[in-house]
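Below is structure-v8.pdb, holding PDB, C-alpha atoms.
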```
ATOM      1  CA  MET A   1     -26.621  10.611  16.112  1.00  0.00           C
ATOM      2  CA  LYS A   2     -26.997   7.028  14.843  1.00  0.00           C
ATOM      3  CA  HIS A   3     -30.531   5.659  14.637  1.00  0.00           C
ATOM      4  CA  THR A   4     -31.553   2.066  14.015  1.00  0.00           C
ATOM      5  CA  LEU A   5     -35.025   1.870  12.513  1.00  0.00           C
ATOM      6  CA  SER A   6     -36.936  -1.390  12.479  1.00  0.00           C
ATOM      7  CA  VAL A   7     -39.534  -1.138   9.711  1.00  0.00           C
ATOM      8  CA  LEU A   8     -42.191  -3.835   9.288  1.00  0.00           C
ATOM      9  CA  VAL A   9     -43.518  -3.856   5.718  1.00  0.00           C
ATOM     10  CA  GLU A  10     -45.691  -5.938   3.431  1.00  0.00           C
ATOM     11  CA  ASN A  11     -43.543  -8.376   1.473  1.00  0.00           C
ATOM     12  CA  LYS A  12     -44.310  -6.880  -1.952  1.00  0.00           C
ATOM     13  CA  PRO A  13     -42.210  -5.837  -4.962  1.00  0.00           C
ATOM     14  CA  GLY A  14     -41.009  -2.225  -4.963  1.00  0.00           C
ATOM     15  CA  VAL A  15     -41.300  -1.558  -1.219  1.00  0.00           C
ATOM     16  CA  LEU A  16     -37.527  -1.425  -0.703  1.00  0.00           C
ATOM     17  CA  THR A  17     -37.136   0.987  -3.627  1.00  0.00           C
ATOM     18  CA  ARG A  18     -39.804   3.350  -2.290  1.00  0.00           C
ATOM     19  CA  ILE A  19     -38.320   3.386   1.211  1.00  0.00           C
ATOM     20  CA  ALA A  20     -34.723   3.858   0.038  1.00  0.00           C
ATOM     21  CA  GLY A  21     -35.917   6.592  -2.334  1.00  0.00           C
ATOM     22  CA  LEU A  22     -37.596   8.455   0.509  1.00  0.00           C
ATOM     23  CA  PHE A  23     -34.312   8.516   2.459  1.00  0.00           C
ATOM     24  CA  ALA A  24     -32.389   9.627  -0.653  1.00  0.00           C
ATOM     25  CA  ARG A  25     -34.838  12.469  -1.379  1.00  0.00           C
ATOM     26  CA  ARG A  26     -34.377  13.711   2.192  1.00  0.00           C
ATOM     27  CA  GLY A  27     -30.581  13.667   1.826  1.00  0.00           C
ATOM     28  CA  PHE A  28     -29.929  10.789   4.233  1.00  0.00           C
ATOM     29  CA  ASN A  29     -27.185   8.281   3.589  1.00  0.00           C
ATOM     30  CA  ILE A  30     -28.249   4.813   4.714  1.00  0.00           C
ATOM     31  CA  ASP A  31     -25.268   3.388   6.639  1.00  0.00           C
ATOM     32  CA  SER A  32     -26.687  -0.113   6.798  1.00  0.00           C
ATOM     33  CA  LEU A  33     -29.737  -1.857   5.373  1.00  0.00           C
ATOM     34  CA  ALA A  34     -30.809  -5.442   6.003  1.00  0.00           C
ATOM     35  CA  VAL A  35     -34.104  -6.901   4.811  1.00  0.00           C
ATOM     36  CA  GLY A  36     -35.607 -10.301   5.388  1.00  0.00           C
ATOM     37  CA  GLU A  37     -38.841 -12.204   5.679  1.00  0.00           C
ATOM     38  CA  THR A  38     -40.366 -12.419   9.178  1.00  0.00           C
ATOM     39  CA  GLU A  39     -42.161 -15.273  10.922  1.00  0.00           C
ATOM     40  CA  ASP A  40     -45.085 -14.333   8.628  1.00  0.00           C
ATOM     41  CA  PRO A  41     -44.051 -14.778   4.950  1.00  0.00           C
ATOM     42  CA  LYS A  42     -46.391 -11.924   3.967  1.00  0.00           C
ATOM     43  CA  LEU A  43     -44.218  -9.482   5.964  1.00  0.00           C
ATOM     44  CA  SER A  44     -40.591  -8.380   5.832  1.00  0.00           C
ATOM     45  CA  ARG A  45     -38.559  -6.476   8.388  1.00  0.00           C
ATOM     46  CA  MET A  46     -36.065  -3.830   7.326  1.00  0.00           C
ATOM     47  CA  THR A  47     -33.348  -2.751   9.710  1.00  0.00           C
ATOM     48  CA  ILE A  48     -32.093   0.636   8.568  1.00  0.00           C
ATOM     49  CA  THR A  49     -29.173   2.429  10.214  1.00  0.00           C
ATOM     50  CA  VAL A  50     -28.911   6.155   9.489  1.00  0.00           C
ATOM     51  CA  ASP A  51     -27.063   9.101  10.951  1.00  0.00           C
ATOM     52  CA  GLY A  52     -29.202  12.157  11.661  1.00  0.00           C
ATOM     53  CA  GLN A  53     -30.727  14.546  14.159  1.00  0.00           C
ATOM     54  CA  ASP A  54     -33.720  13.308  16.150  1.00  0.00           C
ATOM     55  CA  GLN A  55     -36.039  15.863  14.479  1.00  0.00           C
ATOM     56  CA  SER A  56     -34.966  14.842  10.967  1.00  0.00           C
ATOM     57  CA  ILE A  57     -35.433  11.152  11.738  1.00  0.00           C
ATOM     58  CA  GLU A  58     -38.863  11.923  13.175  1.00  0.00           C
ATOM     59  CA  GLN A  59     -39.807  13.686   9.902  1.00  0.00           C
ATOM     60  CA  VAL A  60     -38.647  10.728   7.799  1.00  0.00           C
ATOM     61  CA  THR A  61     -40.505   8.332  10.105  1.00  0.00           C
ATOM     62  CA  LYS A  62     -43.746  10.307   9.641  1.00  0.00           C
ATOM     63  CA  GLN A  63     -43.295  10.162   5.870  1.00  0.00           C
ATOM     64  CA  LEU A  64     -42.541   6.418   5.998  1.00  0.00           C
ATOM     65  CA  HIS A  65     -45.839   5.871   7.857  1.00  0.00           C
ATOM     66  CA  LYS A  66     -47.635   7.409   4.858  1.00  0.00           C
ATOM     67  CA  LEU A  67     -46.301   4.725   2.493  1.00  0.00           C
ATOM     68  CA  ILE A  68     -49.022   2.183   1.852  1.00  0.00           C
ATOM     69  CA  ASN A  69     -46.943  -0.977   2.453  1.00  0.00           C
ATOM     70  CA  VAL A  70     -45.404   0.213   5.757  1.00  0.00           C
ATOM     71  CA  ILE A  71     -47.045  -1.387   8.793  1.00  0.00           C
ATOM     72  CA  LYS A  72     -44.909  -0.360  11.780  1.00  0.00           C
ATOM     73  CA  ILE A  73     -41.751   1.669  12.446  1.00  0.00           C
ATOM     74  CA  THR A  74     -39.661   1.528  15.606  1.00  0.00           C
ATOM     75  CA  ASP A  75     -36.604   3.677  16.352  1.00  0.00           C
ATOM     76  CA  LEU A  76     -34.698   1.153  18.463  1.00  0.00           C
ATOM     77  CA  ASP A  77     -33.036   2.485  21.601  1.00  0.00           C
ATOM     78  CA  PRO A  78     -29.582   0.856  21.923  1.00  0.00           C
ATOM     79  CA  SER A  79     -30.032   0.397  25.675  1.00  0.00           C
ATOM     80  CA  VAL A  80     -33.127  -1.801  25.210  1.00  0.00           C
ATOM     81  CA  SER A  81     -32.283  -3.644  21.999  1.00  0.00           C
ATOM     82  CA  VAL A  82     -29.887  -6.271  20.707  1.00  0.00           C
ATOM     83  CA  ASP A  83     -27.990  -5.801  17.447  1.00  0.00           C
ATOM     84  CA  ARG A  84     -25.641  -8.015  15.446  1.00  0.00           C
ATOM     85  CA  GLU A  85     -23.751  -8.108  12.174  1.00  0.00           C
ATOM     86  CA  LEU A  86     -22.410 -11.060  10.229  1.00  0.00           C
ATOM     87  CA  ILE A  87     -19.113 -10.922   8.362  1.00  0.00           C
ATOM     88  CA  LEU A  88     -17.244 -13.254   6.079  1.00  0.00           C
ATOM     89  CA  VAL A  89     -13.556 -12.382   5.810  1.00  0.00           C
ATOM     90  CA  LYS A  90     -10.901 -14.051   3.646  1.00  0.00           C
ATOM     91  CA  VAL A  91      -7.470 -13.783   5.282  1.00  0.00           C
ATOM     92  CA  LYS A  92      -4.061 -14.725   3.885  1.00  0.00           C
ATOM     93  CA  ALA A  93      -2.883 -17.711   5.882  1.00  0.00           C
ATOM     94  CA  ASP A  94       0.391 -19.444   5.131  1.00  0.00           C
ATOM     95  CA  ALA A  95       1.607 -22.388   7.206  1.00  0.00           C
ATOM     96  CA  ALA A  96       3.479 -20.105   9.617  1.00  0.00           C
ATOM     97  CA  SER A  97       0.516 -17.830  10.430  1.00  0.00           C
ATOM     98  CA  ARG A  98      -2.375 -20.316  10.287  1.00  0.00           C
ATOM     99  CA  SER A  99      -2.336 -21.327  13.976  1.00  0.00           C
ATOM    100  CA  GLU A 100      -2.218 -17.693  15.151  1.00  0.00           C
ATOM    101  CA  ILE A 101      -5.201 -16.816  12.949  1.00  0.00           C
ATOM    102  CA  MET A 102      -7.080 -19.850  14.274  1.00  0.00           C
ATOM    103  CA  GLN A 103      -6.472 -18.642  17.857  1.00  0.00           C
ATOM    104  CA  ILE A 104      -7.912 -15.223  17.011  1.00  0.00           C
ATOM    105  CA  VAL A 105     -10.963 -16.887  15.451  1.00  0.00           C
ATOM    106  CA  GLU A 106     -11.469 -18.962  18.610  1.00  0.00           C
ATOM    107  CA  ILE A 107     -11.105 -15.949  20.936  1.00  0.00           C
ATOM    108  CA  PHE A 108     -13.794 -14.054  18.981  1.00  0.00           C
ATOM    109  CA  ARG A 109     -16.031 -17.156  18.751  1.00  0.00           C
ATOM    110  CA  GLY A 110     -15.862 -17.146  14.977  1.00  0.00           C
ATOM    111  CA  LYS A 111     -15.842 -20.125  12.672  1.00  0.00           C
ATOM    112  CA  ILE A 112     -13.530 -21.130   9.836  1.00  0.00           C
ATOM    113  CA  VAL A 113     -15.822 -22.008   6.933  1.00  0.00           C
ATOM    114  CA  ASP A 114     -13.292 -22.572   4.139  1.00  0.00           C
ATOM    115  CA  VAL A 115      -9.613 -23.507   3.954  1.00  0.00           C
ATOM    116  CA  SER A 116      -7.193 -23.319   1.046  1.00  0.00           C
ATOM    117  CA  ARG A 117      -3.402 -23.508   0.903  1.00  0.00           C
ATOM    118  CA  THR A 118      -3.092 -19.716   1.030  1.00  0.00           C
ATOM    119  CA  THR A 119      -6.270 -18.403   2.700  1.00  0.00           C
ATOM    120  CA  LEU A 120      -8.909 -19.002   5.353  1.00  0.00           C
ATOM    121  CA  ILE A 121     -12.494 -17.759   5.185  1.00  0.00           C
ATOM    122  CA  ILE A 122     -13.852 -16.845   8.602  1.00  0.00           C
ATOM    123  CA  GLU A 123     -17.472 -16.286   9.612  1.00  0.00           C
ATOM    124  CA  ALA A 124     -18.181 -14.160  12.682  1.00  0.00           C
ATOM    125  CA  THR A 125     -21.155 -12.461  14.282  1.00  0.00           C
ATOM    126  CA  GLY A 126     -21.359  -9.771  16.915  1.00  0.00           C
ATOM    127  CA  ASP A 127     -21.786  -6.088  17.456  1.00  0.00           C
ATOM    128  CA  ARG A 128     -19.826  -3.678  15.290  1.00  0.00           C
ATOM    129  CA  ALA A 129     -17.123  -3.023  17.912  1.00  0.00           C
ATOM    130  CA  LYS A 130     -16.344  -6.735  18.337  1.00  0.00           C
ATOM    131  CA  LEU A 131     -16.104  -7.304  14.588  1.00  0.00           C
ATOM    132  CA  GLU A 132     -13.903  -4.248  14.066  1.00  0.00           C
ATOM    133  CA  ALA A 133     -11.549  -5.442  16.838  1.00  0.00           C
ATOM    134  CA  MET A 134     -11.254  -8.842  15.162  1.00  0.00           C
ATOM    135  CA  LEU A 135     -10.612  -7.283  11.744  1.00  0.00           C
ATOM    136  CA  GLU A 136      -7.831  -5.130  13.229  1.00  0.00           C
ATOM    137  CA  LEU A 137      -6.070  -8.309  14.361  1.00  0.00           C
ATOM    138  CA  PHE A 138      -6.431  -9.837  10.874  1.00  0.00           C
ATOM    139  CA  ARG A 139      -5.056  -6.781   9.005  1.00  0.00           C
ATOM    140  CA  PRO A 140      -1.343  -7.635   9.548  1.00  0.00           C
ATOM    141  CA  PHE A 141      -1.908 -11.047   7.896  1.00  0.00           C
ATOM    142  CA  GLY A 142      -3.665  -9.444   4.927  1.00  0.00           C
ATOM    143  CA  ILE A 143      -7.401  -9.241   4.376  1.00  0.00           C
ATOM    144  CA  VAL A 144      -8.069 -10.450   0.835  1.00  0.00           C
ATOM    145  CA  GLU A 145     -11.839  -9.945   0.795  1.00  0.00           C
ATOM    146  CA  LEU A 146     -14.542  -8.845   3.225  1.00  0.00           C
ATOM    147  CA  VAL A 147     -18.340  -8.891   3.107  1.00  0.00           C
ATOM    148  CA  ARG A 148     -20.767  -7.925   5.880  1.00  0.00           C
ATOM    149  CA  THR A 149     -24.524  -7.993   6.319  1.00  0.00           C
ATOM    150  CA  GLY A 150     -25.028  -4.663   8.007  1.00  0.00           C
ATOM    151  CA  ARG A 151     -26.775  -4.334  11.322  1.00  0.00           C
ATOM    152  CA  ILE A 152     -29.844  -6.318  12.249  1.00  0.00           C
ATOM    153  CA  ALA A 153     -31.566  -5.450  15.512  1.00  0.00           C
ATOM    154  CA  MET A 154     -34.480  -6.366  17.733  1.00  0.00           C
ATOM    155  CA  GLY A 155     -36.020  -4.687  20.768  1.00  0.00           C
ATOM    156  CA  ARG A 156     -35.784  -6.538  24.047  1.00  0.00           C
ATOM    157  CA  ASP A 157     -38.944  -7.951  25.642  1.00  0.00           C
ATOM    158  CA  LYS A 158     -40.536  -5.222  27.762  1.00  0.00           C
ATOM    159  CA  LYS A 159     -41.719  -7.757  30.340  1.00  0.00           C
ATOM    160  CA  ALA A 160     -38.132  -8.861  30.936  1.00  0.00           C
ATOM    161  CA  LEU A 161     -37.018  -5.245  31.352  1.00  0.00           C
ATOM    162  CA  CYS A 162     -39.860  -4.241  33.666  1.00  0.00           C
ATOM    163  CA  GLY A 163     -38.843  -5.941  36.883  1.00  0.00           C
ATOM    164  CA  PRO A 164     -39.550  -4.772  40.435  1.00  0.00           C
ATOM    165  CA  SER A 165     -37.839  -1.388  39.916  1.00  0.00           C
ATOM    166  CA  ARG A 166     -40.250  -0.488  37.035  1.00  0.00           C
ATOM    167  CA  PRO A 167     -38.222   1.854  34.790  1.00  0.00           C
ATOM    168  CA  ALA A 168     -40.030   4.610  32.841  1.00  0.00           C
ATOM    169  CA  GLY A 169     -42.161   3.315  29.974  1.00  0.00           C
ATOM    170  CA  CYS A 170     -43.210   0.069  31.687  1.00  0.00           C
TER     171      CYS A 170
END
```

The structure given in the file should be rewritten as structure tokens.
Amino acid sequence: MKHTLSVLVENKPGVLTRIAGLFARRGFNIDSLAVGETEDPKLSRMTITVDGQDQSIEQVTKQLHKLINVIKITDLDPSVSVDRELILVKVKADAASRSEIMQIVEIFRGKIVDVSRTTLIIEATGDRAKLEAMLELFRPFGIVELVRTGRIAMGRDKKALCGPSRPAGC
């Protein structure tokens, strides 16, 4: 089962290495890892996507809590969180195919960020399924290069979720 862990850490050298090393020692492959400074420059948030059984993830989470620079860990539930990825994709685009590619970009609410005589570079954000669908439509034109951020995620505001019906956990 896929798990998205949101890990709040002190913004110090070596923290990323220690956390990635802990996953490696436990035999986990990190599917996606994104790290960035938070609203407080002394803190960073890591969004780590891993595949594993609930019990194994719980073990790793307990060991992460023991690391000195780790402040908080949340295993984000997909039903009460928002996740996104960013991609940049360079697509072959001759004069004949350019307008069709531009229509695809518009449909997926992407943005063309660079144009040359033979290629277009497109920027797009969304969940993994949306981005994969867009890439499938670009494949026949020829994808020259692709780079993606990996998943970033954030839990939804509990107050917004806890309306009159009061679901469990509110």

Closest to Glu136 of chain A among A:Val91, A:Val7, A:Ile19, A:Leu76, using all atoms listed in the file? A:Val91

Quick one: which residues end up in the PyMOL selection byres ((chain A and resi 92) around 8) for this structure, as a list in words? Lys90, Val91, Ala93, Asp94, Thr118, Thr119, Leu120, Phe141, Gly142, Ile143 and Val144 of chain A

Skipping near chain neighbours, those fewer than 4 positions away, what residues fall within 9 Å of Met134 of chain A using only C-alpha atoms, listed as an MDAnalysis selection string? chainID A and resid 104:105 108 129:130 138:139

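Here the question is which of A:Lys111, A:Arg18, A:Arg151, A:Lys42 gets nearest to Gln63 of chain A using all atoms listed in the file, and that residue is A:Arg18.
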
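Atom CA of Asp31 of chain A sits 17.3 Å away from atom CA of Glu58 of chain A.
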
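The interatomic distance for the pair atom CA of Phe28 of chain A and atom CA of Lys2 of chain A works out to 11.6 Å.
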
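Closest approach to Gln55 of chain A from the set A:Leu16, A:Phe23, A:Met1, A:Gly126 is made by A:Met1, with distances taken over all atoms listed in the file.
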
Using only C-alpha atoms, which protein or nucleic acid residues come within 12 Å of Leu64 of chain A? Drop anything in the same chain fewer than 6 positions from it, and give the result as number ranges by chain. A: 5-9, 15-16, 18-23, 26, 57-58, 70-74

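Relative to atom CA of Ala124 of chain A, atom CA of Val82 of chain A is found at 16.2 Å.
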
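Across the chains present, the PyMOL selection byres ((chain A and resi 45) around 9) applied to this file returns Ser6, Val7, Leu8, Val9, Glu10, Asn11, Ala34, Val35, Gly36, Glu37, Thr38, Leu43, Ser44, Met46 and Thr47 of chain A.
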
Non-local contacts of Val80 of chain A (9 Å; all atoms listed in the file; under 4 positions in same chain excluded) as number ranges by chain: A: 76, 154-158, 161

Would you export the selected residues with C-alpha atoms as a short mmCIF file (atom, residue, chain, number, x, y, z; two decimals), in the frame of the given file, please?
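again.cif, freshly written:
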```cif
data_model
loop_
_atom_site.label_atom_id
_atom_site.label_comp_id
_atom_site.auth_asym_id
_atom_site.auth_seq_id
_atom_site.Cartn_x
_atom_site.Cartn_y
_atom_site.Cartn_z
CA LEU A 76 -34.70 1.15 18.46
CA MET A 154 -34.48 -6.37 17.73
CA GLY A 155 -36.02 -4.69 20.77
CA ARG A 156 -35.78 -6.54 24.05
CA ASP A 157 -38.94 -7.95 25.64
CA LYS A 158 -40.54 -5.22 27.76
CA LEU A 161 -37.02 -5.24 31.35
#
```

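Residue nearest Gly27 of chain A, chosen from A:Ala96, A:Gly14, A:Thr4, A:Asp51 and counting only C-alpha atoms: A:Asp51.
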
Segment 54-67 of chain A: axis-aligned bounding box, 8 Å on each side, centre and edge lengths in Å, one decimal, as lines of an AutoDock Vina configuration file:
```
center_x = -40.7
center_y = 10.3
center_z = 9.3
size_x = 29.9
size_y = 27.1
size_z = 29.7
```

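Considering all atoms listed in the file, the residue among A:Ile122, A:Ala153, A:Lys12, A:Ser116 positioned nearest to Ile68 of chain A is A:Lys12.
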
Save segment 16-95 of chain A to disk from that block, C-alpha atoms included, as a PDB file, in the first residue's frame.
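Saved the output as selection24.pdb:
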```pdb
ATOM      1  CA  LEU A  16      17.968  14.217   4.641  1.00  0.00           C
ATOM      2  CA  THR A  17      20.844  11.719   4.580  1.00  0.00           C
ATOM      3  CA  ARG A  18      19.909  10.260   7.969  1.00  0.00           C
ATOM      4  CA  ILE A  19      16.241   9.891   7.036  1.00  0.00           C
ATOM      5  CA  ALA A  20      16.926   8.372   3.606  1.00  0.00           C
ATOM      6  CA  GLY A  21      19.473   6.037   5.215  1.00  0.00           C
ATOM      7  CA  LEU A  22      16.905   4.812   7.721  1.00  0.00           C
ATOM      8  CA  PHE A  23      14.533   3.859   4.883  1.00  0.00           C
ATOM      9  CA  ALA A  24      17.373   2.159   2.969  1.00  0.00           C
ATOM     10  CA  ARG A  25      18.458   0.126   6.016  1.00  0.00           C
ATOM     11  CA  ARG A  26      14.874  -1.102   6.410  1.00  0.00           C
ATOM     12  CA  GLY A  27      14.727  -2.163   2.750  1.00  0.00           C
ATOM     13  CA  PHE A  28      12.217   0.468   1.618  1.00  0.00           C
ATOM     14  CA  ASN A  29      12.454   2.062  -1.793  1.00  0.00           C
ATOM     15  CA  ILE A  30      11.437   5.717  -1.638  1.00  0.00           C
ATOM     16  CA  ASP A  31       9.111   6.274  -4.622  1.00  0.00           C
ATOM     17  CA  SER A  32       9.099  10.038  -4.267  1.00  0.00           C
ATOM     18  CA  LEU A  33      10.897  12.548  -2.067  1.00  0.00           C
ATOM     19  CA  ALA A  34      10.370  16.305  -2.003  1.00  0.00           C
ATOM     20  CA  VAL A  35      11.974  18.619   0.542  1.00  0.00           C
ATOM     21  CA  GLY A  36      11.560  22.322   1.061  1.00  0.00           C
ATOM     22  CA  GLU A  37      11.680  25.083   3.615  1.00  0.00           C
ATOM     23  CA  THR A  38       8.416  25.821   5.463  1.00  0.00           C
ATOM     24  CA  GLU A  39       6.891  29.116   6.570  1.00  0.00           C
ATOM     25  CA  ASP A  40       9.569  28.998   9.311  1.00  0.00           C
ATOM     26  CA  PRO A  41      13.069  29.029   7.715  1.00  0.00           C
ATOM     27  CA  LYS A  42      14.394  26.944  10.629  1.00  0.00           C
ATOM     28  CA  LEU A  43      12.155  24.033   9.538  1.00  0.00           C
ATOM     29  CA  SER A  44      11.813  21.931   6.400  1.00  0.00           C
ATOM     30  CA  ARG A  45       9.034  19.591   5.362  1.00  0.00           C
ATOM     31  CA  MET A  46       9.786  16.311   3.621  1.00  0.00           C
ATOM     32  CA  THR A  47       7.072  14.559   1.671  1.00  0.00           C
ATOM     33  CA  ILE A  48       8.080  10.925   1.309  1.00  0.00           C
ATOM     34  CA  THR A  49       6.080   8.411  -0.724  1.00  0.00           C
ATOM     35  CA  VAL A  50       6.812   4.750   0.008  1.00  0.00           C
ATOM     36  CA  ASP A  51       5.154   1.436  -0.699  1.00  0.00           C
ATOM     37  CA  GLY A  52       4.776  -0.855   2.306  1.00  0.00           C
ATOM     38  CA  GLN A  53       2.537  -2.636   4.772  1.00  0.00           C
ATOM     39  CA  ASP A  54       0.950  -0.536   7.516  1.00  0.00           C
ATOM     40  CA  GLN A  55       2.950  -2.359  10.232  1.00  0.00           C
ATOM     41  CA  SER A  56       6.273  -1.784   8.455  1.00  0.00           C
ATOM     42  CA  ILE A  57       5.524   1.904   7.934  1.00  0.00           C
ATOM     43  CA  GLU A  58       4.570   2.192  11.599  1.00  0.00           C
ATOM     44  CA  GLN A  59       7.963   0.690  12.571  1.00  0.00           C
ATOM     45  CA  VAL A  60       9.852   3.132  10.338  1.00  0.00           C
ATOM     46  CA  THR A  61       7.786   6.021  11.712  1.00  0.00           C
ATOM     47  CA  LYS A  62       8.706   5.052  15.295  1.00  0.00           C
ATOM     48  CA  GLN A  63      12.380   4.961  14.326  1.00  0.00           C
ATOM     49  CA  LEU A  64      12.103   8.331  12.547  1.00  0.00           C
ATOM     50  CA  HIS A  65      10.697   9.854  15.762  1.00  0.00           C
ATOM     51  CA  LYS A  66      13.929   8.820  17.512  1.00  0.00           C
ATOM     52  CA  LEU A  67      16.059  10.942  15.159  1.00  0.00           C
ATOM     53  CA  ILE A  68      17.026  14.142  16.920  1.00  0.00           C
ATOM     54  CA  ASN A  69      16.111  16.584  14.116  1.00  0.00           C
ATOM     55  CA  VAL A  70      12.645  15.089  13.437  1.00  0.00           C
ATOM     56  CA  ILE A  71       9.837  17.173  14.932  1.00  0.00           C
ATOM     57  CA  LYS A  72       6.604  15.654  13.598  1.00  0.00           C
ATOM     58  CA  ILE A  73       5.547  12.821  11.278  1.00  0.00           C
ATOM     59  CA  THR A  74       2.133  12.437   9.674  1.00  0.00           C
ATOM     60  CA  ASP A  75       1.012   9.519   7.495  1.00  0.00           C
ATOM     61  CA  LEU A  76      -1.368  11.442   5.237  1.00  0.00           C
ATOM     62  CA  ASP A  77      -4.683   9.771   4.461  1.00  0.00           C
ATOM     63  CA  PRO A  78      -5.487  10.344   0.758  1.00  0.00           C
ATOM     64  CA  SER A  79      -9.151  11.013   1.548  1.00  0.00           C
ATOM     65  CA  VAL A  80      -8.303  13.996   3.786  1.00  0.00           C
ATOM     66  CA  SER A  81      -5.259  15.432   2.028  1.00  0.00           C
ATOM     67  CA  VAL A  82      -4.334  17.222  -1.173  1.00  0.00           C
ATOM     68  CA  ASP A  83      -1.353  16.140  -3.267  1.00  0.00           C
ATOM     69  CA  ARG A  84       0.286  17.530  -6.398  1.00  0.00           C
ATOM     70  CA  GLU A  85       3.273  16.988  -8.650  1.00  0.00           C
ATOM     71  CA  LEU A  86       4.982  19.376 -11.032  1.00  0.00           C
ATOM     72  CA  ILE A  87       6.392  18.245 -14.365  1.00  0.00           C
ATOM     73  CA  LEU A  88       8.373  19.879 -17.112  1.00  0.00           C
ATOM     74  CA  VAL A  89       8.156  17.975 -20.393  1.00  0.00           C
ATOM     75  CA  LYS A  90       9.922  18.751 -23.679  1.00  0.00           C
ATOM     76  CA  VAL A  91       7.844  17.549 -26.639  1.00  0.00           C
ATOM     77  CA  LYS A  92       8.759  17.432 -30.327  1.00  0.00           C
ATOM     78  CA  ALA A  93       6.583  20.003 -32.043  1.00  0.00           C
ATOM     79  CA  ASP A  94       6.865  20.700 -35.747  1.00  0.00           C
ATOM     80  CA  ALA A  95       4.607  23.222 -37.477  1.00  0.00           C
TER      81      ALA A  95
END
```
